[in-house]
$ cat work-v3.cif   # mmCIF, C-alpha atoms
data_run
loop_
_atom_site.label_atom_id
_atom_site.label_comp_id
_atom_site.auth_asym_id
_atom_site.auth_seq_id
_atom_site.Cartn_x
_atom_site.Cartn_y
_atom_site.Cartn_z
CA MET O 1 6.90 -10.40 -30.24
CA GLU O 2 5.49 -12.67 -27.57
CA GLN O 3 1.91 -13.76 -27.06
CA SER O 4 0.34 -12.23 -23.95
CA ALA O 5 -2.59 -13.33 -21.81
CA VAL O 6 -5.21 -10.58 -21.70
CA SER O 7 -8.22 -9.97 -19.44
CA GLN O 8 -10.53 -9.13 -22.34
CA SER O 9 -13.19 -11.64 -21.31
CA GLU O 10 -13.61 -9.76 -18.03
CA ILE O 11 -14.74 -6.64 -19.86
CA GLN O 12 -17.22 -8.15 -22.30
CA CYS O 13 -20.98 -7.80 -21.80
CA ASN O 14 -22.55 -10.89 -20.23
CA SER O 15 -25.82 -10.21 -22.07
CA CYS O 16 -24.80 -9.58 -25.67
CA GLY O 17 -21.07 -10.26 -25.72
CA GLY O 18 -20.38 -6.68 -26.76
CA GLN O 19 -17.51 -4.50 -25.71
CA CYS O 20 -17.70 -2.67 -22.39
CA ALA O 21 -15.84 0.38 -21.13
CA PHE O 22 -15.63 1.87 -17.67
CA ASP O 23 -18.13 4.69 -17.13
CA PRO O 24 -16.83 7.31 -14.63
CA ALA O 25 -20.36 8.58 -13.94
CA GLN O 26 -21.76 5.16 -13.02
CA GLN O 27 -18.49 3.68 -11.70
CA ASP O 28 -19.47 0.50 -13.54
CA LEU O 29 -18.78 -1.18 -16.86
CA LEU O 30 -21.10 0.10 -19.63
CA CYS O 31 -21.81 -2.04 -22.68
CA LYS O 32 -21.38 -0.02 -25.87
CA SER O 33 -23.85 -2.25 -27.73
CA CYS O 34 -26.85 -2.82 -25.44
CA GLY O 35 -26.24 -0.23 -22.73
CA SER O 36 -26.15 -2.75 -19.89
CA LEU O 37 -24.28 -1.82 -16.73
CA TRP O 38 -22.07 -4.35 -14.98
CA PRO O 39 -20.98 -3.52 -11.42
CA LEU O 40 -17.32 -3.66 -10.46
CA ALA O 41 -17.69 -3.08 -6.72
CA THR O 42 -17.02 -6.03 -4.43
CA GLU O 43 -17.24 -6.74 -0.71
CA ASP O 44 -13.44 -6.54 -0.57
CA ASP O 45 -13.17 -2.97 -1.88
CA HIS O 46 -12.15 -1.74 1.57
CA LYS O 47 -8.99 -3.82 1.31
CA ALA O 48 -7.70 -1.55 -1.45
CA ALA O 49 -6.44 0.93 1.15
CA GLU O 50 -4.26 -1.74 2.79
CA GLU O 51 -0.58 -0.86 3.06
CA PHE O 52 2.32 -3.30 2.94
CA PRO O 53 5.36 -3.23 5.25
CA PHE O 54 8.79 -2.85 3.71
CA ASN O 55 11.48 -5.18 4.99
CA PRO O 56 14.90 -3.54 4.48
CA ASP O 57 16.59 -6.92 5.04
CA ALA O 58 14.67 -8.66 2.26
CA PRO O 59 16.56 -9.42 -0.97
CA MET O 60 16.15 -7.07 -3.91
CA GLU O 61 13.00 -7.77 -5.89
CA GLU O 62 13.67 -9.30 -9.26
CA PHE O 63 12.08 -7.78 -12.33
CA PRO O 64 12.32 -9.93 -15.45
CA GLY O 65 11.93 -6.93 -17.74
CA LEU O 66 9.77 -6.51 -20.81
CA GLN O 67 10.55 -8.83 -23.70
CA GLY O 68 9.98 -6.22 -26.39
CA ASP O 69 6.45 -5.65 -27.67
CA GLN O 70 3.61 -7.92 -26.65
CA ILE O 71 0.85 -8.81 -29.09
CA HIS O 72 -2.69 -10.04 -28.53
CA GLN O 73 -5.30 -11.17 -31.03
CA CYS O 74 -8.49 -9.19 -30.38
CA GLU O 75 -11.26 -11.60 -29.37
CA THR O 76 -13.93 -9.35 -30.89
CA CYS O 77 -12.68 -8.62 -34.42
CA GLY O 78 -9.47 -10.63 -34.72
CA GLY O 79 -7.28 -7.55 -34.97
CA ALA O 80 -3.77 -7.59 -33.49
CA VAL O 81 -3.47 -5.39 -30.40
CA VAL O 82 0.11 -4.44 -29.61
CA PHE O 83 1.21 -3.50 -26.10
CA THR O 84 4.40 -1.47 -26.41
CA GLY O 85 6.87 -0.76 -23.60
CA SER O 86 5.10 -0.25 -20.30
CA ALA O 87 1.54 0.02 -21.69
CA LEU O 88 -1.01 -1.78 -19.52
CA SER O 89 -4.16 -1.25 -21.58
CA GLU O 90 -4.91 -0.31 -25.17
CA ASN O 91 -7.69 0.00 -27.72
CA CYS O 92 -7.85 -2.35 -30.68
CA PRO O 93 -6.83 -0.29 -33.74
CA TYR O 94 -9.47 -2.00 -35.87
CA CYS O 95 -12.68 -2.12 -33.82
CA ASN O 96 -11.56 0.35 -31.11
CA GLY O 97 -12.52 -2.11 -28.41
CA PRO O 98 -10.67 -1.91 -25.09
CA VAL O 99 -8.19 -4.66 -24.31
CA VAL O 100 -6.51 -4.91 -20.89
CA LEU O 101 -3.56 -7.07 -19.90
CA GLY O 102 -4.07 -9.51 -17.04
CA ILE O 103 -2.22 -9.27 -13.71
CA GLU O 104 1.22 -7.97 -14.61
CA ASP O 105 3.43 -11.03 -14.95
CA LYS O 106 6.06 -8.80 -16.58
CA ALA O 107 6.10 -6.06 -13.93
CA TYR O 108 5.45 -5.34 -10.29
CA ALA O 109 1.79 -5.90 -9.53
CA THR O 110 -0.49 -2.89 -9.12
CA MET O 111 -2.10 -3.13 -5.67
CA ALA O 112 -4.93 -0.62 -6.07
CA LEU O 113 -6.18 2.30 -8.13
CA VAL O 114 -8.48 5.29 -7.98
CA PRO O 115 -11.00 4.90 -10.82
CA PHE O 116 -11.76 7.81 -13.14
CA ARG O 117 -14.47 9.95 -11.54
CA VAL O 118 -14.33 12.66 -14.22
CA ASN O 119 -15.42 11.82 -17.77
CA ARG O 120 -14.05 13.20 -21.04
CA ASP O 121 -16.80 15.81 -21.51
CA TYR O 122 -16.24 17.33 -18.06
CA ALA O 123 -12.46 17.21 -18.49
CA THR O 124 -12.81 19.05 -21.81
CA HIS O 125 -15.06 21.64 -20.12
CA ARG O 126 -12.46 22.16 -17.39
CA ILE O 127 -9.71 22.60 -19.99
CA THR O 128 -11.76 25.13 -21.96
CA ASP O 129 -12.55 27.07 -18.80
CA TRP O 130 -8.90 27.03 -17.69
CA VAL O 131 -7.68 28.31 -21.06
CA SER O 132 -10.30 31.10 -21.16
CA ARG O 133 -9.21 32.41 -17.75
CA ARG O 134 -5.52 32.88 -18.57
CA ILE O 135 -4.48 36.50 -18.09
CA ALA O 136 -2.21 37.97 -20.77
CA ALA O 137 -2.79 34.96 -23.03
CA PRO O 138 -2.60 35.37 -26.82
CA ASN O 139 -5.99 35.96 -28.44
CA ASP O 140 -5.68 32.80 -30.51
CA LEU O 141 -4.77 30.49 -27.62
CA ALA O 142 -8.25 28.93 -27.45
CA SER O 143 -8.21 27.94 -31.12
CA PHE O 144 -4.83 26.22 -30.74
CA ALA O 145 -6.07 24.39 -27.63
CA GLU O 146 -9.19 23.23 -29.50
CA ASP O 147 -6.97 21.55 -32.09
CA GLY O 148 -5.16 19.57 -29.40
CA ARG O 149 -5.68 15.93 -28.45
CA VAL O 150 -7.22 14.92 -25.13
CA ALA O 151 -5.89 11.62 -23.78
CA SER O 152 -6.55 9.63 -20.62
CA ILE O 153 -3.98 7.74 -18.59
CA TYR O 154 -3.76 5.82 -15.33
CA ALA O 155 -0.39 7.01 -14.04
CA PRO O 156 1.69 4.85 -11.65
CA PHE O 157 2.45 6.16 -8.16
CA TRP O 158 3.75 4.99 -4.82
CA THR O 159 2.32 5.94 -1.46
CA PHE O 160 4.72 5.75 1.48
CA ASP O 161 4.27 5.93 5.24
CA SER O 162 7.27 6.30 7.55
CA ARG O 163 8.33 7.50 10.98
CA GLU O 164 11.31 9.84 11.13
CA ALA O 165 13.36 10.43 14.29
CA ILE O 166 15.15 13.66 13.34
CA GLU O 167 18.16 15.35 14.91
CA TYR O 168 18.89 18.78 13.43
CA TRP O 169 21.26 21.74 13.56
CA ALA O 170 19.88 25.10 12.46
CA SER O 171 20.54 28.83 12.75
CA TYR O 172 18.71 32.15 12.63
CA THR O 173 19.60 35.85 12.76
CA THR O 174 18.48 38.70 14.99
CA GLY O 175 19.06 42.44 14.84
CA SER O 176 20.33 44.46 11.88
CA GLY O 177 23.41 46.28 10.74
CA ASP O 178 26.27 46.13 13.25
CA ASN O 179 23.94 44.46 15.76
CA ARG O 180 23.11 41.57 13.45
CA ARG O 181 23.84 38.24 15.13
CA ARG O 182 23.51 34.64 14.03
CA HIS O 183 22.31 32.13 16.60
CA HIS O 184 22.90 28.37 16.34
CA VAL O 185 20.39 25.88 17.71
CA SER O 186 19.94 22.11 17.68
CA GLY O 187 17.11 19.81 18.60
CA THR O 188 15.22 16.60 17.99
CA MET O 189 11.75 15.90 16.69
CA ASP O 190 9.60 13.02 15.46
CA VAL O 191 7.74 13.24 12.16
CA PHE O 192 5.20 10.82 10.66
CA PHE O 193 4.67 10.85 6.90
CA ASP O 194 1.26 9.49 5.90
CA ASP O 195 0.56 8.56 2.27
CA LEU O 196 3.40 10.59 0.80
CA LEU O 197 2.69 10.45 -2.93
CA VAL O 198 5.71 9.60 -5.12
CA PRO O 199 5.60 9.22 -8.93
CA ALA O 200 6.62 5.76 -10.13
CA SER O 201 7.38 6.85 -13.69
CA ASP O 202 9.59 9.39 -15.39
CA HIS O 203 6.52 10.39 -17.41
CA VAL O 204 4.76 11.71 -14.30
CA THR O 205 5.97 15.30 -14.20
CA PRO O 206 5.62 17.79 -11.31
CA LEU O 207 2.79 19.32 -13.37
CA ILE O 208 0.80 16.14 -12.88
CA ARG O 209 1.56 15.39 -9.23
CA ASP O 210 2.00 18.80 -7.62
CA GLY O 211 -0.43 20.59 -9.93
CA ILE O 212 -3.48 18.38 -9.54
CA LEU O 213 -2.93 15.21 -7.48
CA HIS O 214 -1.41 16.42 -4.22
CA ASP O 215 -4.70 15.91 -2.33
CA PHE O 216 -4.74 12.14 -2.75
CA ARG O 217 -7.48 10.47 -0.66
CA PRO O 218 -6.98 6.77 0.21
CA GLU O 219 -10.72 6.17 0.64
CA TYR O 220 -11.10 6.48 -3.16
CA LEU O 221 -8.86 3.46 -3.74
CA ARG O 222 -10.32 0.30 -5.27
CA PRO O 223 -8.71 -3.11 -5.82
CA TYR O 224 -7.01 -3.49 -9.17
CA ARG O 225 -9.44 -4.92 -11.72
CA ALA O 226 -9.23 -4.93 -15.50
CA GLY O 227 -12.71 -3.40 -15.75
CA TYR O 228 -11.58 -0.08 -14.28
CA LEU O 229 -8.98 0.26 -17.06
CA ALA O 230 -11.32 -0.64 -19.93
CA GLY O 231 -11.33 2.26 -22.39
CA PHE O 232 -8.37 4.05 -20.77
CA ALA O 233 -4.63 3.87 -21.24
CA ALA O 234 -2.45 2.85 -18.31
CA GLU O 235 1.20 2.50 -17.48
CA ARG O 236 2.46 -0.38 -15.34
CA HIS O 237 4.91 -0.12 -12.48
CA THR O 238 8.45 -1.13 -13.42
CA MET O 239 10.60 -0.29 -10.38
CA PRO O 240 11.36 -1.95 -7.02
CA VAL O 241 10.43 -0.52 -3.63
CA ARG O 242 14.01 0.57 -2.98
CA LYS O 243 13.99 2.86 -6.01
CA GLY O 244 10.67 4.30 -4.90
CA LEU O 245 12.21 5.03 -1.51
CA ARG O 246 15.13 6.82 -3.17
CA LEU O 247 12.68 9.00 -5.06
CA LYS O 248 10.77 9.58 -1.83
CA LYS O 249 13.95 10.80 -0.16
CA GLN O 250 14.16 13.72 -2.60
CA ASP O 251 10.64 14.89 -1.74
CA LYS O 252 11.06 14.10 1.94
CA ASP O 253 14.11 16.36 2.25
CA LEU O 254 12.16 19.52 1.44
CA LEU O 255 9.30 18.54 3.75
CA ILE O 256 11.67 17.75 6.64
CA ARG O 257 13.50 21.06 6.24
CA ASN O 258 10.21 22.96 6.33
CA LYS O 259 9.15 21.08 9.47
CA ILE O 260 12.49 21.83 11.15
CA LYS O 261 12.11 25.55 10.39
CA LYS O 262 8.64 25.46 11.93
CA HIS O 263 10.03 23.62 14.96
CA VAL O 264 12.74 26.28 15.42
CA GLY O 265 9.99 28.90 15.35
CA ARG O 266 11.98 31.68 13.66
CA GLN O 267 10.91 33.22 10.36
CA ASN O 268 14.47 33.41 8.98
CA ALA O 269 15.59 30.02 10.28
CA ARG O 270 18.05 28.09 8.11
CA VAL O 271 18.62 24.34 8.35
CA ASP O 272 22.36 23.69 8.39
CA ARG O 273 22.11 19.91 8.49
CA TYR O 274 20.05 17.08 9.88
CA ARG O 275 20.01 13.32 10.16
CA THR O 276 17.05 11.03 10.43
CA ASP O 277 16.37 7.44 11.47
CA THR O 278 13.59 6.06 9.28
CA THR O 279 11.38 3.22 10.56
CA GLY O 280 7.90 1.82 10.03
CA ILE O 281 7.95 2.03 6.24
CA HIS O 282 4.73 0.94 4.52
CA TYR O 283 3.91 1.30 0.84
CA ARG O 284 1.39 0.79 -1.95
CA ARG O 285 1.70 0.58 -5.74
CA ILE O 286 -1.29 2.45 -7.14
CA LEU O 287 -2.63 4.00 -10.33
CA LEU O 288 -4.18 7.48 -10.42
CA PRO O 289 -6.38 8.85 -13.27
CA VAL O 290 -5.36 11.84 -15.37
CA TRP O 291 -6.70 13.63 -18.46
CA ILE O 292 -4.09 15.42 -20.56
CA LEU O 293 -4.59 17.93 -23.37
CA HIS O 294 -1.60 17.89 -25.71
CA TYR O 295 -1.44 20.97 -27.91
CA SER O 296 1.15 22.97 -29.79
CA TYR O 297 1.29 26.75 -29.82
CA ARG O 298 3.29 28.07 -32.76
CA GLY O 299 5.64 25.11 -32.75
CA THR O 300 6.01 24.74 -28.97
CA ALA O 301 4.46 21.65 -27.35
CA LYS O 302 2.40 22.31 -24.22
CA LYS O 303 -0.07 20.41 -22.07
CA VAL O 304 -3.00 21.03 -19.75
CA VAL O 305 -3.64 18.35 -17.13
CA VAL O 306 -6.95 17.55 -15.42
CA SER O 307 -7.27 15.30 -12.38
CA GLY O 308 -9.49 12.35 -13.22
CA ILE O 309 -10.54 12.36 -9.55
CA ASP O 310 -11.93 15.85 -8.94
CA GLY O 311 -11.33 17.91 -12.09
CA ARG O 312 -8.55 20.10 -10.66
CA THR O 313 -6.79 21.65 -13.66
CA PHE O 314 -3.30 23.00 -14.21
CA GLY O 315 -1.24 23.54 -17.30
CA GLU O 316 1.30 25.22 -19.51
CA ARG O 317 0.42 28.33 -21.51
CA PRO O 318 2.06 31.03 -23.64
CA PHE O 319 1.98 34.77 -22.88
CA SER O 320 1.25 37.64 -25.23
CA PRO O 321 4.22 40.08 -25.12
CA TRP O 322 1.90 42.92 -26.18
CA LYS O 323 -0.53 42.26 -23.35
CA LEU O 324 2.28 41.93 -20.82
CA ALA O 325 3.67 45.29 -21.98
CA ALA O 326 0.21 46.88 -21.72
CA TYR O 327 -0.39 45.50 -18.21
CA SER O 328 3.07 46.68 -17.14
CA ALA O 329 2.36 50.18 -18.47
CA ILE O 330 -0.98 50.30 -16.64
CA LEU O 331 0.56 49.18 -13.35
CA THR O 332 3.37 51.71 -13.73
CA ALA O 333 0.88 54.52 -14.39
CA LEU O 334 -1.23 53.50 -11.38
CA THR O 335 1.84 53.39 -9.12
CA MET O 336 2.93 56.86 -10.27
CA ALA O 337 -0.58 58.25 -9.80
CA LEU O 338 -0.84 56.87 -6.26
CA GLY O 339 2.57 58.31 -5.47
CA LEU O 340 1.54 61.74 -6.70
CA ILE O 341 -1.70 61.62 -4.67
CA TRP O 342 0.21 60.55 -1.57
CA GLY O 343 2.77 63.33 -1.96
CA ALA O 344 0.17 66.02 -2.67
CA THR O 345 -2.46 65.15 -0.06
CA GLY O 346 -0.89 62.77 2.42
CA ILE O 347 -4.12 60.72 2.31
CA LEU O 348 -2.40 57.37 1.86
#
$ encode --input "work-v3.cif" --output "structure tokens"
Amino acid sequence: MEQSAVSQSEIQCNSCGGQCAFDPAQQDLLCKSCGSLWPLATEDDHKAAEEFPFNPDAPMEEFPGLQGDQIHQCETCGGAVVFTGSALSENCPYCNGPVVLGIEDKAYATMALVPFRVNRDYATHRITDWVSRRIAAPNDLASFAEDGRVASIYAPFWTFDSREAIEYWASYTTGSGDNRRRHHVSGTMDVFFDDLLVPASDHVTPLIRDGILHDFRPEYLRPYRAGYLAGFAAERHTMPVRKGLRLKKQDKDLLIRNKIKKHVGRQNARVDRYRTDTTGIHYRRILLPVWILHYSYRGTAKKVVVSGIDGRTFGERPFSPWKLAAYSAILTALTMALGLIWGATGIL
């Protein structure tokens, strides 16, 4: 293991020397010992939304990699805090004090982040409410969810801007039966992608991005500071811009196809092929806050995710086969009854 420089002094109380953690309600550091608040806002906060141009002719960024586990001696209790893999912040296993690595000398630097705006209590409330509203859920689902573990994480993302000059070939059908005809069309269009959000980690699943974080707002960004991570886990960025752009291409394809269909203006339009010239690429490396409930229902692992920005909640859940059968029977009976009324009276 190698010794690692850590920004622990930045998150200690200036009054009593106690441990501080970021408070989502106050948006400041809160001392756990004396209750003092220490502001994190600076005059340069507006710079957090700055985007950086990508130069396709620049050489590939070099990433030295992680030299195994990194260890730090806790300055509060002397305990050894181990940073494993891509972990960016941790809690001391002895005194539970937050310890945050300094600017990532072993990874690509985080440019900005959106601090947690939702605290643990509210996230737990949102999870409980989400679980209670699941239709056809097993009766014991709530008890299994209560036994789960709620964790917080700053997840790594890219944001990308780009201009796309698109040339496309598409088709659509008219008529029916023997009169059905397929028409072929082509055209050009310009598309601007603004702050397209792309996960920068294999751990960031579609459940996290598409379920709760698709309404990313750049005005919430703040410059990267260790204080915002104090008390929360975080994962550092470990990939170059070019890989982020390859991941973006996968998401961009679906969006471009939908825009082409809209441009054609036909409901049944199909995109046969297209080509695009991409220019004006700008990017950011950011961290976004997430609460995750990990629970197991009868041996199957599931999770419920809460946005640490606005509390939007989405998750995985089991279904009760008995309830599904009952709902199906009720719907079938209602359909038959409406059909009988329609046939007998002609009211519907």
$ resolve_selection --input "work-v3.cif" --expression "the PyMOL selection byres ((chain O and resi 301) around 12)" --output "list in words"
Phe144, Ala145, Gly148, Arg149, Leu293, His294, Tyr295, Ser296, Tyr297, Arg298, Gly299, Thr300, Lys302, Lys303, Val304, Gly315, Glu316, Arg317 and Pro318 of chain O
$ resolve_selection --input "work-v3.cif" --expression "the PyMOL selection byres ((chain O and resi 164) around 6)" --output "number ranges by chain"
O: 163, 165-166, 190-191, 276-278
$ closest_residue --input "work-v3.cif" --among "O:Leu288, O:Ala333, O:Leu245, O:Val264" --to "Tyr220 in chain O" --atoms "all atoms listed in the file"
O:Leu288
$ atom_distance --input "work-v3.cif" --atom1 "CA of Glu219 in chain O" --atom2 "CA of Asp45 in chain O"
9.8 Å
$ resolve_selection --input "work-v3.cif" --expression "the PyMOL selection byres ((chain O and resi 197) around 7)" --output "list in words"
Phe157, Trp158, Thr159, Phe160, Asp195, Leu196, Val198 and Pro199 of chain O
$ atom_distance --input "work-v3.cif" --atom1 "CA of Leu40 in chain O" --atom2 "CA of Glu235 in chain O"
20.7 Å
$ atom_distance --input "work-v3.cif" --atom1 "CA of Thr42 in chain O" --atom2 "CA of Asn119 in chain O"
22.3 Å
$ decode --input "work-v3.cif" --residues "range 163-182 of chain O" --atoms "N, CA and C atoms" --output "CSV table (one decimal), in the first residue's frame"
chain,number,residue,atom,x,y,z
O,163,ARG,N,-22.2,20.2,-31.5
O,163,ARG,CA,-23.1,20.6,-32.6
O,163,ARG,C,-23.0,19.4,-33.7
O,164,GLU,N,-24.1,19.0,-34.2
O,164,GLU,CA,-24.2,17.9,-35.1
O,164,GLU,C,-24.8,18.4,-36.4
O,165,ALA,N,-24.1,18.3,-37.5
O,165,ALA,CA,-24.6,18.5,-38.9
O,165,ALA,C,-25.0,17.2,-39.4
O,166,ILE,N,-26.3,16.9,-39.5
O,166,ILE,CA,-26.8,15.6,-39.8
O,166,ILE,C,-27.3,15.5,-41.2
O,167,GLU,N,-27.0,14.5,-42.0
O,167,GLU,CA,-27.6,14.1,-43.2
O,167,GLU,C,-28.2,12.8,-43.0
O,168,TYR,N,-29.5,12.6,-43.4
O,168,TYR,CA,-30.2,11.4,-43.1
O,168,TYR,C,-31.0,10.9,-44.3
O,169,TRP,N,-31.3,9.6,-44.3
O,169,TRP,CA,-32.1,8.9,-45.2
O,169,TRP,C,-33.2,8.1,-44.4
O,170,ALA,N,-34.5,8.4,-44.7
O,170,ALA,CA,-35.5,7.8,-43.9
O,170,ALA,C,-36.7,7.3,-44.8
O,171,SER,N,-37.7,6.7,-44.3
O,171,SER,CA,-38.8,6.2,-45.0
O,171,SER,C,-40.0,6.2,-44.2
O,172,TYR,N,-41.2,6.2,-44.8
O,172,TYR,CA,-42.5,6.1,-44.1
O,172,TYR,C,-43.5,5.4,-45.1
O,173,THR,N,-44.6,4.9,-44.5
O,173,THR,CA,-45.6,4.2,-45.3
O,173,THR,C,-46.9,5.0,-45.3
O,174,THR,N,-47.7,4.9,-46.4
O,174,THR,CA,-49.0,5.4,-46.5
O,174,THR,C,-49.9,4.3,-47.0
O,175,GLY,N,-51.2,4.5,-46.8
O,175,GLY,CA,-52.2,3.6,-47.3
O,175,GLY,C,-52.2,2.3,-46.4
O,176,SER,N,-53.0,1.3,-46.9
O,176,SER,CA,-53.1,0.0,-46.3
O,176,SER,C,-53.5,-1.0,-47.3
O,177,GLY,N,-53.2,-2.3,-46.9
O,177,GLY,CA,-53.5,-3.4,-47.8
O,177,GLY,C,-52.8,-3.3,-49.1
O,178,ASP,N,-53.5,-3.5,-50.2
O,178,ASP,CA,-52.8,-3.4,-51.6
O,178,ASP,C,-52.4,-2.0,-51.9
O,179,ASN,N,-52.9,-1.0,-51.2
O,179,ASN,CA,-52.5,0.4,-51.5
O,179,ASN,C,-51.4,0.9,-50.6
O,180,ARG,N,-50.8,0.0,-49.9
O,180,ARG,CA,-49.8,0.4,-48.9
O,180,ARG,C,-48.5,0.7,-49.8
O,181,ARG,N,-47.9,1.8,-49.5
O,181,ARG,CA,-46.7,2.3,-50.2
O,181,ARG,C,-45.7,2.8,-49.2
O,182,ARG,N,-44.4,2.5,-49.6
O,182,ARG,CA,-43.3,3.1,-48.8
O,182,ARG,C,-42.7,4.2,-49.5
